[in-house]
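S.K.: Dropping in protein.txt, which is compact mmCIF, C-alpha atoms:
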# COMPACT_ATOMS: atom_id res chain seq x y z
CA MET A 569 -29.85 -3.50 -13.58
CA ALA A 570 -30.18 -7.24 -13.33
CA GLN A 571 -32.81 -8.55 -10.97
CA GLU A 572 -31.05 -11.45 -9.29
CA SER A 573 -27.57 -11.58 -7.85
CA GLY A 574 -27.80 -14.80 -5.87
CA VAL A 575 -27.15 -17.28 -8.64
CA GLN A 576 -24.03 -16.12 -10.39
CA TYR A 577 -22.13 -14.70 -7.42
CA GLU A 578 -21.80 -16.85 -4.35
CA PRO A 579 -20.48 -15.25 -1.13
CA VAL A 580 -17.64 -17.17 0.54
CA ALA A 581 -16.62 -14.81 3.36
CA GLU A 582 -17.53 -11.49 4.92
CA ILE A 583 -14.71 -8.99 4.41
CA GLY A 584 -16.23 -5.75 5.62
CA GLY A 585 -19.31 -4.30 7.11
CA GLY A 586 -20.89 -1.34 8.68
CA ALA A 587 -24.12 0.44 9.22
CA TYR A 588 -24.89 0.61 5.50
CA GLY A 589 -24.48 -3.00 4.45
CA THR A 590 -21.90 -5.70 4.12
CA VAL A 591 -18.99 -6.50 1.86
CA TYR A 592 -18.39 -10.07 0.80
CA LYS A 593 -15.67 -11.91 -0.98
CA ALA A 594 -17.60 -14.02 -3.45
CA ARG A 595 -16.98 -16.36 -6.32
CA ASP A 596 -18.25 -15.77 -9.81
CA ARG A 597 -19.45 -19.26 -10.67
CA GLN A 598 -19.13 -18.64 -14.39
CA SER A 599 -15.50 -17.56 -14.49
CA GLY A 600 -14.39 -19.16 -11.22
CA GLN A 601 -12.82 -15.85 -10.20
CA PHE A 602 -13.26 -14.04 -6.94
CA VAL A 603 -15.25 -10.80 -6.85
CA ALA A 604 -16.21 -8.32 -4.13
CA LEU A 605 -19.93 -7.84 -3.47
CA LYS A 606 -20.85 -4.54 -1.87
CA SER A 607 -24.45 -4.11 -1.00
CA VAL A 608 -26.31 -1.17 0.35
CA ARG A 609 -29.90 -1.08 1.54
CA VAL A 610 -31.82 1.90 0.23
CA GLN A 611 -35.30 3.11 1.01
CA THR A 612 -37.70 2.95 -1.92
CA ASP A 613 -41.16 4.29 -2.61
CA GLN A 614 -43.59 3.89 -5.53
CA ASP A 615 -41.13 5.76 -7.78
CA GLY A 616 -38.46 3.12 -7.16
CA LEU A 617 -34.87 3.87 -6.18
CA PRO A 618 -34.00 7.37 -4.95
CA LEU A 619 -32.60 9.58 -7.69
CA SER A 620 -29.37 10.17 -5.75
CA THR A 621 -28.61 6.44 -5.69
CA VAL A 622 -29.37 6.04 -9.39
CA ARG A 623 -27.11 9.01 -10.15
CA GLU A 624 -24.19 7.63 -8.13
CA VAL A 625 -24.48 4.20 -9.71
CA ALA A 626 -24.68 5.78 -13.16
CA LEU A 627 -21.49 7.73 -12.43
CA LEU A 628 -19.67 4.55 -11.41
CA LYS A 629 -20.86 2.78 -14.55
CA ARG A 630 -19.72 5.70 -16.71
CA LEU A 631 -16.23 5.50 -15.15
CA GLU A 632 -16.12 1.88 -16.21
CA GLN A 633 -16.02 2.83 -19.89
CA PHE A 634 -12.56 4.35 -19.42
CA ASP A 635 -11.21 1.00 -18.26
CA HIS A 636 -8.58 2.73 -16.13
CA PRO A 637 -5.76 0.37 -15.12
CA ASN A 638 -5.49 1.77 -11.58
CA VAL A 639 -9.05 1.44 -10.32
CA VAL A 640 -10.96 -1.79 -9.70
CA LYS A 641 -13.52 -2.75 -12.30
CA LEU A 642 -17.22 -2.50 -11.60
CA MET A 643 -18.43 -5.73 -13.19
CA ASP A 644 -22.12 -5.72 -12.46
CA VAL A 645 -24.90 -3.94 -10.58
CA CYS A 646 -27.93 -5.81 -9.25
CA ALA A 647 -31.03 -4.54 -7.48
CA THR A 648 -33.12 -6.90 -5.36
CA LEU A 649 -36.42 -5.84 -3.87
CA ARG A 650 -36.47 -6.81 -0.20
CA THR A 651 -39.70 -5.26 0.98
CA ASP A 652 -42.02 -2.59 -0.36
CA GLN A 653 -39.88 0.06 1.29
CA GLU A 654 -36.40 -1.37 0.87
CA THR A 655 -34.23 -2.39 -2.05
CA LYS A 656 -30.83 -3.98 -1.84
CA VAL A 657 -28.42 -2.60 -4.43
CA THR A 658 -25.40 -4.84 -4.95
CA LEU A 659 -22.30 -3.63 -6.72
CA VAL A 660 -20.02 -6.36 -8.05
CA PHE A 661 -16.39 -5.30 -8.18
CA GLU A 662 -13.26 -7.01 -9.38
CA HIS A 663 -11.46 -8.54 -6.38
CA VAL A 664 -7.69 -8.40 -6.07
CA ASP A 665 -6.45 -10.77 -3.40
CA GLN A 666 -3.67 -8.58 -2.01
CA ASP A 667 -3.74 -5.14 -0.42
CA LEU A 668 -0.90 -2.66 0.02
CA LYS A 669 -0.69 -3.45 3.73
CA THR A 670 0.01 -7.12 2.98
CA TYR A 671 2.34 -6.17 0.14
CA LEU A 672 4.42 -3.90 2.40
CA ASN A 673 4.54 -6.47 5.20
CA LYS A 674 5.77 -9.09 2.75
CA ALA A 675 8.75 -7.07 1.53
CA PRO A 676 11.97 -8.51 2.96
CA ALA A 677 14.13 -6.21 5.12
CA PRO A 678 15.13 -3.42 4.67
CA GLY A 679 11.86 -2.81 2.80
CA LEU A 680 10.85 -1.96 -0.74
CA PRO A 681 13.53 -0.70 -3.13
CA SER A 682 13.09 3.00 -3.90
CA SER A 683 12.35 2.29 -7.58
CA GLN A 684 9.41 0.13 -6.52
CA ILE A 685 8.06 2.82 -4.20
CA GLN A 686 8.28 5.30 -7.08
CA ASP A 687 6.36 2.90 -9.36
CA LEU A 688 3.63 2.27 -6.75
CA MET A 689 3.30 6.01 -6.12
CA ARG A 690 3.01 6.81 -9.82
CA GLN A 691 0.22 4.25 -10.24
CA LEU A 692 -1.57 5.38 -7.08
CA LEU A 693 -1.51 9.00 -8.25
CA CYS A 694 -2.67 8.01 -11.76
CA GLY A 695 -5.71 6.27 -10.29
CA LEU A 696 -6.38 9.23 -8.02
CA ALA A 697 -6.01 11.81 -10.82
CA PHE A 698 -8.53 9.78 -12.82
CA LEU A 699 -11.06 9.72 -9.95
CA HIS A 700 -10.53 13.42 -9.22
CA SER A 701 -10.99 14.40 -12.87
CA ASN A 702 -14.36 12.66 -12.64
CA ARG A 703 -15.14 14.59 -9.49
CA ILE A 704 -14.95 11.57 -7.24
CA VAL A 705 -13.35 12.04 -3.83
CA HIS A 706 -12.26 8.74 -2.34
CA ARG A 707 -12.42 10.02 1.27
CA ASP A 708 -11.03 6.90 2.90
CA LEU A 709 -7.79 6.04 1.16
CA LYS A 710 -5.64 3.65 3.23
CA PRO A 711 -3.33 0.67 2.64
CA GLU A 712 -6.28 -1.73 3.08
CA ASN A 713 -8.14 -0.41 0.05
CA ILE A 714 -5.18 0.07 -2.25
CA LEU A 715 -4.87 -3.27 -3.99
CA VAL A 716 -1.74 -4.68 -5.63
CA THR A 717 -1.96 -7.56 -8.13
CA SER A 718 0.67 -10.28 -8.33
CA ARG A 719 2.10 -8.35 -11.31
CA GLY A 720 2.53 -5.24 -9.15
CA GLN A 721 -0.40 -3.34 -10.65
CA VAL A 722 -2.04 -0.90 -8.25
CA LYS A 723 -5.84 -0.68 -8.18
CA LEU A 724 -7.84 1.65 -5.98
CA ALA A 725 -10.95 0.18 -4.35
CA ASP A 726 -13.87 1.40 -2.23
CA PHE A 727 -14.25 4.74 -4.01
CA GLY A 728 -17.51 6.40 -4.94
CA LEU A 729 -19.53 4.53 -2.35
CA ALA A 730 -19.34 7.18 0.32
CA ARG A 731 -22.16 9.26 -1.10
CA ILE A 732 -24.37 6.22 -1.63
CA TYR A 733 -23.72 5.19 1.94
CA SER A 734 -23.67 8.60 3.56
CA CYS A 735 -27.32 8.90 4.52
CA HIS A 736 -27.23 5.48 6.16
CA MET A 737 -23.87 5.87 7.83
CA ALA A 738 -24.95 8.78 9.94
CA LEU A 739 -27.14 6.46 12.01
CA THR A 740 -24.55 4.10 13.44
CA PRO A 741 -21.03 5.07 14.40
CA VAL A 742 -18.56 2.86 12.55
CA VAL A 743 -15.04 2.49 13.85
CA VAL A 744 -12.72 3.95 11.25
CA THR A 745 -9.01 4.61 11.30
CA LEU A 746 -7.96 8.23 11.71
CA TRP A 747 -4.36 7.70 10.64
CA TYR A 748 -4.80 8.78 7.01
CA ARG A 749 -7.30 11.57 7.66
CA ALA A 750 -6.53 15.06 6.42
CA PRO A 751 -6.48 17.90 9.01
CA GLU A 752 -9.58 19.55 7.48
CA VAL A 753 -11.50 16.27 7.96
CA LEU A 754 -10.29 15.94 11.55
CA LEU A 755 -11.33 19.54 12.18
CA GLN A 756 -14.72 18.87 10.55
CA SER A 757 -14.25 21.68 8.08
CA THR A 758 -15.39 21.47 4.44
CA TYR A 759 -13.36 19.17 2.26
CA ALA A 760 -12.78 18.00 -1.30
CA THR A 761 -10.20 16.16 -3.44
CA PRO A 762 -7.15 17.38 -1.43
CA VAL A 763 -8.11 14.98 1.41
CA ASP A 764 -7.03 12.08 -0.79
CA ILE A 765 -3.64 13.70 -1.41
CA TRP A 766 -3.07 13.97 2.33
CA SER A 767 -3.82 10.25 2.71
CA THR A 768 -1.47 9.52 -0.21
CA GLY A 769 1.28 11.47 1.55
CA CYS A 770 0.82 9.40 4.71
CA ILE A 771 0.98 6.22 2.63
CA PHE A 772 4.07 7.47 0.73
CA ALA A 773 5.87 7.92 4.06
CA GLU A 774 4.66 4.52 5.26
CA MET A 775 6.22 2.80 2.23
CA PHE A 776 9.64 3.93 3.45
CA ARG A 777 9.00 3.59 7.18
CA ARG A 778 7.10 0.28 6.97
CA LYS A 779 4.91 1.57 9.74
CA PRO A 780 2.20 4.26 9.70
CA LEU A 781 3.32 7.89 9.96
CA PHE A 782 0.67 9.35 12.30
CA CYS A 783 -1.06 6.87 14.66
CA GLY A 784 -3.51 9.01 16.59
CA GLU A 785 -6.08 7.60 18.98
CA SER A 786 -8.58 10.44 18.73
CA GLU A 787 -9.11 13.40 16.43
CA VAL A 788 -7.23 15.75 18.77
CA ASP A 789 -4.42 13.24 19.29
CA GLN A 790 -4.17 12.71 15.53
CA LEU A 791 -3.90 16.48 14.90
CA GLY A 792 -1.28 16.77 17.65
CA LYS A 793 0.83 14.03 16.04
CA ILE A 794 0.54 15.76 12.66
CA PHE A 795 1.64 19.15 14.02
CA GLN A 796 4.64 17.59 15.75
CA VAL A 797 5.92 16.76 12.27
CA ILE A 798 4.68 19.56 10.00
CA GLY A 799 4.72 22.23 12.68
CA LEU A 800 1.76 24.20 14.01
CA PRO A 801 0.05 26.08 11.16
CA VAL A 802 -0.17 29.86 11.46
CA GLU A 803 -3.46 31.34 12.66
CA GLU A 804 -4.29 32.68 9.15
CA GLU A 805 -4.30 29.19 7.66
CA TRP A 806 -6.66 27.80 10.28
CA PRO A 807 -10.22 27.22 8.95
CA ALA A 808 -12.67 29.75 10.39
CA ASP A 809 -15.71 27.53 10.75
CA VAL A 810 -14.37 24.94 13.21
CA LYS A 811 -14.71 24.28 16.93
CA LEU A 812 -11.09 23.38 17.65
CA LYS A 813 -8.89 26.46 17.48
CA GLN A 814 -5.25 26.88 16.66
CA HIS A 815 -4.39 27.95 20.22
CA ASN A 816 -5.76 24.65 21.53
CA PHE A 817 -2.64 23.08 20.06
CA SER A 818 -0.01 25.68 20.88
CA GLN A 819 0.91 23.72 24.01
CA LEU A 820 1.34 20.47 22.07
CA SER A 821 3.76 21.60 19.42
CA PRO A 822 5.68 24.64 20.57
CA HIS A 823 8.40 24.14 17.95
CA GLY A 824 8.35 24.51 14.19
CA PRO A 825 8.29 21.56 11.82
CA CYS A 826 10.75 18.74 12.41
CA PRO A 827 12.98 17.79 9.44
CA ILE A 828 10.96 15.29 7.41
CA THR A 829 14.02 13.08 6.93
CA GLU A 830 13.97 12.50 10.68
CA VAL A 831 10.65 10.66 10.41
CA VAL A 832 11.27 9.24 6.90
CA PRO A 833 15.04 8.64 6.86
CA GLU A 834 15.32 6.61 3.64
CA ILE A 835 13.59 9.13 1.36
CA SER A 836 15.46 10.99 -1.42
CA HIS A 837 15.70 14.77 -1.59
CA GLN A 838 13.04 15.06 -4.33
CA GLY A 839 10.88 12.49 -2.57
CA ALA A 840 10.98 14.57 0.60
CA GLU A 841 9.98 17.69 -1.36
CA LEU A 842 6.99 15.91 -2.86
CA LEU A 843 6.00 14.45 0.51
CA LEU A 844 5.97 17.92 2.09
CA GLU A 845 3.80 19.24 -0.74
CA MET A 846 1.33 16.46 -0.01
CA LEU A 847 1.42 16.99 3.75
CA THR A 848 0.57 20.69 3.44
CA PHE A 849 -1.95 21.85 6.04
CA ASP A 850 -3.88 24.25 3.80
CA PRO A 851 -5.87 22.09 1.34
CA LEU A 852 -5.81 24.90 -1.23
CA ARG A 853 -2.00 24.94 -1.25
CA ARG A 854 -1.66 21.13 -1.18
CA ILE A 855 -0.38 19.65 -4.45
CA SER A 856 -2.96 18.03 -6.80
CA ALA A 857 -2.68 14.47 -8.12
CA LEU A 858 -1.91 15.73 -11.65
CA ASN A 859 0.79 18.15 -10.49
CA ALA A 860 2.29 15.49 -8.23
CA LEU A 861 2.74 13.24 -11.29
CA ASP A 862 4.78 16.03 -12.88
CA HIS A 863 7.02 16.38 -9.83
CA PRO A 864 10.79 15.90 -10.42
CA TYR A 865 10.64 12.95 -7.97
CA PHE A 866 9.22 10.86 -10.81
CA GLN A 867 12.18 11.72 -13.06
CA GLU A 868 14.61 10.24 -10.55
CA GLY A 869 16.20 6.87 -11.06
CA MET B 917 -22.97 -36.59 23.01
CA LEU B 918 -25.12 -33.57 23.69
CA VAL B 919 -23.98 -30.26 22.34
CA SER B 920 -26.00 -27.21 23.21
CA SER B 921 -27.18 -25.04 20.36
CA ALA B 922 -25.51 -22.06 22.02
CA ALA B 923 -22.16 -23.84 21.85
CA LEU B 924 -22.75 -24.63 18.18
CA GLU B 925 -23.57 -21.00 17.48
CA ASP B 926 -20.41 -19.91 19.28
CA ALA B 927 -18.34 -22.31 17.21
CA LEU B 928 -19.89 -21.03 13.98
CA ALA B 929 -19.31 -17.42 15.00
CA ALA B 930 -15.66 -18.24 15.74
CA ALA B 931 -15.30 -20.02 12.40
CA ASP B 932 -16.84 -17.01 10.66
CA GLU B 933 -14.45 -14.68 12.40
CA LEU B 934 -11.39 -16.76 11.54
CA ALA B 935 -12.46 -16.99 7.89
CA SER B 936 -13.01 -13.23 7.72
CA ALA B 937 -9.66 -12.50 9.36
CA ALA B 938 -7.98 -14.79 6.81
CA ALA B 939 -9.90 -13.19 3.92
CA THR B 940 -8.80 -9.71 4.93
CA GLY B 941 -5.18 -10.76 5.44
CA ASN B 942 -5.28 -9.92 9.14
CA THR B 943 -2.37 -12.10 10.27
CA GLU B 944 -2.44 -10.87 13.85
CA ARG B 945 -6.12 -11.70 14.33
CA VAL B 946 -5.71 -15.10 12.66
CA GLY B 947 -2.89 -15.86 15.09
CA ILE B 948 -4.93 -14.86 18.13
CA LEU B 949 -7.97 -16.91 17.08
CA LEU B 950 -5.85 -19.99 16.40
CA GLN B 951 -4.16 -19.55 19.77
CA ASP B 952 -7.60 -19.36 21.35
CA GLY B 953 -8.29 -22.79 19.93
CA VAL B 954 -10.56 -22.01 16.98
CA ASP B 955 -10.55 -25.01 14.64
CA VAL B 956 -8.37 -24.18 11.62
CA ASN B 957 -10.51 -26.41 9.39
CA ALA B 958 -13.94 -25.32 10.59
CA VAL B 959 -16.21 -24.01 7.86
CA ASN B 960 -17.86 -20.60 8.07
CA ARG B 961 -21.54 -19.96 7.41
CA PHE B 962 -20.82 -20.17 3.68
CA GLY B 963 -19.35 -23.63 4.07
CA ARG B 964 -15.75 -22.58 3.45
CA THR B 965 -12.58 -23.09 5.49
CA PRO B 966 -10.24 -20.18 6.26
CA LEU B 967 -7.63 -21.45 3.76
CA GLN B 968 -10.24 -21.48 0.99
CA VAL B 969 -11.13 -17.83 1.49
CA MET B 970 -7.81 -16.34 2.67
CA MET B 971 -6.28 -13.30 1.02
CA MET B 972 -4.22 -15.22 -1.53
CA GLY B 973 -1.41 -12.68 -1.60
CA SER B 974 -0.82 -12.99 2.13
CA THR B 975 1.99 -15.50 2.55
CA ALA B 976 1.93 -14.83 6.30
CA VAL B 977 -1.71 -15.92 6.64
CA ALA B 978 -1.18 -18.93 4.35
CA HIS B 979 1.82 -20.07 6.35
CA LEU B 980 0.09 -19.58 9.69
CA LEU B 981 -3.01 -21.56 8.69
CA LEU B 982 -1.02 -24.40 7.13
CA LYS B 983 1.35 -24.60 10.10
CA HIS B 984 -1.72 -25.06 12.29
CA GLY B 985 -2.87 -27.98 10.20
CA ALA B 986 -5.17 -26.40 7.60
CA ASN B 987 -6.11 -28.96 4.94
CA PRO B 988 -4.72 -27.66 1.62
CA ASN B 989 -6.76 -30.10 -0.45
CA VAL B 990 -10.29 -28.85 0.10
CA SER B 991 -12.12 -27.95 -3.07
CA ASP B 992 -14.86 -25.42 -3.70
CA CYS B 993 -18.26 -27.11 -3.65
CA HIS B 994 -19.36 -25.41 -6.86
CA THR B 995 -16.26 -24.94 -9.02
CA GLY B 996 -14.02 -27.68 -7.68
CA ALA B 997 -11.13 -25.21 -7.30
CA THR B 998 -8.60 -25.88 -4.53
CA PRO B 999 -6.62 -23.08 -2.84
CA LEU B 1000 -3.74 -24.04 -5.16
CA HIS B 1001 -5.98 -23.36 -8.17
CA ASP B 1002 -6.91 -19.95 -6.73
CA ALA B 1003 -3.33 -18.94 -5.90
CA ALA B 1004 -2.21 -20.12 -9.36
CA ARG B 1005 -5.01 -18.23 -11.13
CA GLU B 1006 -4.04 -15.00 -9.40
CA GLY B 1007 -0.33 -15.58 -9.90
CA PHE B 1008 0.83 -15.51 -6.28
CA LEU B 1009 3.98 -17.60 -6.67
CA GLU B 1010 5.07 -17.56 -3.02
CA THR B 1011 1.64 -18.71 -1.85
CA VAL B 1012 1.73 -21.47 -4.48
CA GLN B 1013 5.12 -22.55 -3.13
CA ILE B 1014 3.92 -22.59 0.49
CA LEU B 1015 0.83 -24.61 -0.43
CA VAL B 1016 2.96 -27.17 -2.30
CA GLN B 1017 5.39 -27.31 0.61
CA PHE B 1018 2.43 -28.28 2.83
CA TYR B 1019 1.40 -31.07 0.44
CA ALA B 1020 -1.22 -29.39 -1.72
CA ASN B 1021 -1.93 -31.73 -4.63
CA LYS B 1022 -0.52 -30.15 -7.77
CA ASN B 1023 -2.54 -32.52 -9.94
CA ALA B 1024 -5.94 -31.74 -8.42
CA THR B 1025 -8.52 -31.01 -11.10
CA ASP B 1026 -11.44 -28.59 -10.87
CA ASN B 1027 -14.87 -29.07 -12.45
CA ARG B 1028 -13.53 -28.02 -15.83
CA ASN B 1029 -10.87 -30.69 -15.48
CA CYS B 1030 -8.11 -28.09 -15.15
CA ARG B 1031 -5.07 -28.50 -12.90
CA PRO B 1032 -3.49 -25.50 -11.10
CA ILE B 1033 -0.80 -25.32 -13.79
CA ASP B 1034 -3.50 -25.07 -16.49
CA VAL B 1035 -5.19 -22.22 -14.64
CA ALA B 1036 -1.86 -20.40 -14.23
CA ARG B 1037 -1.10 -20.79 -17.93
CA GLU B 1038 -4.59 -19.59 -18.88
CA ASN B 1039 -3.94 -16.37 -16.95
CA GLY B 1040 -0.42 -15.85 -18.19
CA HIS B 1041 1.38 -16.42 -14.89
CA LEU B 1042 4.52 -17.93 -16.39
CA GLU B 1043 6.57 -17.95 -13.18
CA VAL B 1044 3.90 -20.09 -11.53
CA VAL B 1045 3.76 -22.35 -14.60
CA SER B 1046 7.50 -22.96 -14.61
CA TYR B 1047 7.57 -23.55 -10.86
CA LEU B 1048 4.77 -26.14 -11.04
CA GLU B 1049 6.48 -27.75 -14.06
CA SER B 1050 9.71 -28.07 -12.13
CA LEU B 1051 8.14 -30.22 -9.41
Could you write out this structure as structure tokens?
M.R.:
Amino acid sequence: MAQESGVQYEPVAEIGGGAYGTVYKARDRQSGQFVALKSVRVQTDQDGLPLSTVREVALLKRLEQFDHPNVVKLMDVCATLRTDQETKVTLVFEHVDQDLKTYLNKAPAPGLPSSQIQDLMRQLLCGLAFLHSNRIVHRDLKPENILVTSRGQVKLADFGLARIYSCHMALTPVVVTLWYRAPEVLLQSTYATPVDIWSTGCIFAEMFRRKPLFCGESEVDQLGKIFQVIGLPVEEEWPADVKLKQHNFSQLSPHGPCPITEVVPEISHQGAELLLEMLTFDPLRRISALNALDHPYFQEG
Amino acid sequence: MLVSSAALEDALAAADELASAAATGNTERVGILLQDGVDVNAVNRFGRTPLQVMMMGSTAVAHLLLKHGANPNVSDCHTGATPLHDAAREGFLETVQILVQFYANKNATDNRNCRPIDVARENGHLEVVSYLESL
């Protein structure tokens, strides 16, 4: 790790923040290009950085060697000693100056052509399959951290930081959007890679609708909105270890699932099939990123 | 004229917020802050104006800032790049077109003596090159 980050990378604006640290848009003075600086403050003792932090950073650096086209590049890692007990670890990522939210808003009416949606989805799933095969769960996939270059190349950002941040995040509640959260996350059950597929399903639907699919205002409200579309899951599928029970929702969604084409009217038959496999309540039965890439939807066109 | 330090701090905080909203492509927030009277050319705590740090792919933010009188010909204090250089480097043709439409200087040179067209060519953005050539 380099010792000094201040000289080469100069912050120009704050683009994100939270309990754990701050994210800056910065300029690499050597190349003139923009980069994203993500720093996290970690506690240190005489042995230096905690092993968990070193391990996470090492994993991110190892990913870099694959040079995957659909994830942002980690360009540099710097550690700066702040006090005897605290070190600032700064990760320097490639910065793409357009996110999927902006890209979707920019599309002229009536929205993106279906071939373009298919291309974006294939790239998104490729990036996700790559992360998942390296046992990285993104956990917070949303249009704001799916980047799209001017050439239409999709790059996933903000992955792999969750575990570095996690111990710090518990301290201060950070306002996060619930709209792309998987049911098992909302129910506070255990979760793994399928949570990212749920988010991808929500985003898939949003590409056609040009507005988010489930806009809940609380965890319960979010779950209610989900069940109105996919139907209330049967008791047997409900996770056992959670506070909210299936019967708490029986009032909300007395009917079965509503036809998906009612909420996503423009989608093709195969597209709808794939969407439903992504928006499957039971994470174990939800389609994986690799299997989704093999879905007949991607042979259409 | 006496200006209280609290008022100065408020102005800086507002400038910071506008720059951050522009950098994250938050068109709605940019609109609200401009409506509230935040100076479109005020620099944030890093000495940059909102147009200099905006999300380059966001034509909506670019248009909104320029319509409110953002100066398109500010250059980065360390690299000399103007917003037109940055949009050209990243290949955002529509943003390049909006900047030019609002009188961004297509012949501005950065510290390496490169014009926006040179930067676009360097990065293989041929559509941007041919547009800038056509002017």
S.K.: Taking all atoms listed in the file into account, report as a ChimeraX atom specification which residues of chain A lie within 12 Å of chain B.
M.R.: /A:575-585,591-604,663-675,711-713,715-720
S.K.: May I have the centre and edge lengths, in Å to one decimal, of an axis-aligned box around the listed atoms of segment 974-981 of chain B with 4 Å added to every side, as AutoDock Vina command-line options?
M.R.:
--center_x -0.5 --center_y -17.3 --center_z 5.9 --size_x 13.0 --size_y 16.6 --size_z 15.6
S.K.: Enumerate, as a PyMOL selection string, the protein, DNA and RNA residues whose atoms approach (-10.2, 6.1, -6.0) to within 6 Å, taking into account all atoms listed in the file and the coordinate frame of the file.
M.R.: chain A and resi 696+699+706+724+727
S.K.: Give me the residues near Gln611 of chain A as a list in words, where near means some atom within 10 Å (using all atoms listed in the file) and where sequence neighbours in that chain fewer than 6 positions away do not count.
M.R.: Leu617, Pro618, Thr651, Asp652, Gln653, Glu654, Thr655, Lys656 and His736 of chain A
S.K.: Record the distance separating atom CA of Asn989 of chain B and atom CA of Glu1038 of chain B, expressed in Å with one decimal.
M.R.: 21.3 Å
S.K.: Quick one: distance from atom CA of Ala1004 of chain B to atom CA of Val722 of chain A in Å, one decimal?
M.R.: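 Interatomic distance, atom CA of Ala1004 of chain B to atom CA of Val722 of chain A: 19.3 Å.
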S.K.: Please report the interatomic distance between atom CA of Arg853 of chain A and atom CA of Ile765 of chain A in Å with one decimal.
M.R.: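 Straight-line distance from atom CA of Arg853 of chain A to atom CA of Ile765 of chain A works out to 11.4 Å.
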S.K.: Counting all atoms listed in the file, write as a compact mmCIF listing (two decimals) with C-alpha atoms, in the coordinates of the input all protein and nucleic acid residues lying at most 12 Å from (2.3, 13.5, -11.1) in the file's frame.
M.R.:
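The file below, out-v7.txt, is the result:
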# COMPACT_ATOMS: atom_id res chain seq x y z
CA GLN A 686 8.28 5.30 -7.08
CA ASP A 687 6.36 2.90 -9.36
CA MET A 689 3.30 6.01 -6.12
CA ARG A 690 3.01 6.81 -9.82
CA GLN A 691 0.22 4.25 -10.24
CA LEU A 692 -1.57 5.38 -7.08
CA LEU A 693 -1.51 9.00 -8.25
CA CYS A 694 -2.67 8.01 -11.76
CA GLY A 695 -5.71 6.27 -10.29
CA LEU A 696 -6.38 9.23 -8.02
CA ALA A 697 -6.01 11.81 -10.82
CA PHE A 698 -8.53 9.78 -12.82
CA ILE A 765 -3.64 13.70 -1.41
CA LEU A 842 6.99 15.91 -2.86
CA GLU A 845 3.80 19.24 -0.74
CA MET A 846 1.33 16.46 -0.01
CA ILE A 855 -0.38 19.65 -4.45
CA SER A 856 -2.96 18.03 -6.80
CA ALA A 857 -2.68 14.47 -8.12
CA LEU A 858 -1.91 15.73 -11.65
CA ASN A 859 0.79 18.15 -10.49
CA ALA A 860 2.29 15.49 -8.23
CA LEU A 861 2.74 13.24 -11.29
CA ASP A 862 4.78 16.03 -12.88
CA HIS A 863 7.02 16.38 -9.83
CA PRO A 864 10.79 15.90 -10.42
CA TYR A 865 10.64 12.95 -7.97
CA PHE A 866 9.22 10.86 -10.81
CA GLN A 867 12.18 11.72 -13.06
S.K.: Tell me which of B:Ala929, B:Val1044, B:Ala1020, B:Leu981 sits closest to Gly947 of chain B, counting only C-alpha atoms.
M.R.: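 Closest residue, counting only C-alpha atoms: B:Leu981.
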S.K.: So, with all atoms listed in the file as the atoms that count, which of A:Trp766, A:Arg623, A:Glu830, A:Ile704 lies closest to Pro851 of chain A?
M.R.: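 The answer is A:Trp766, which sits nearest to Pro851 of chain A.
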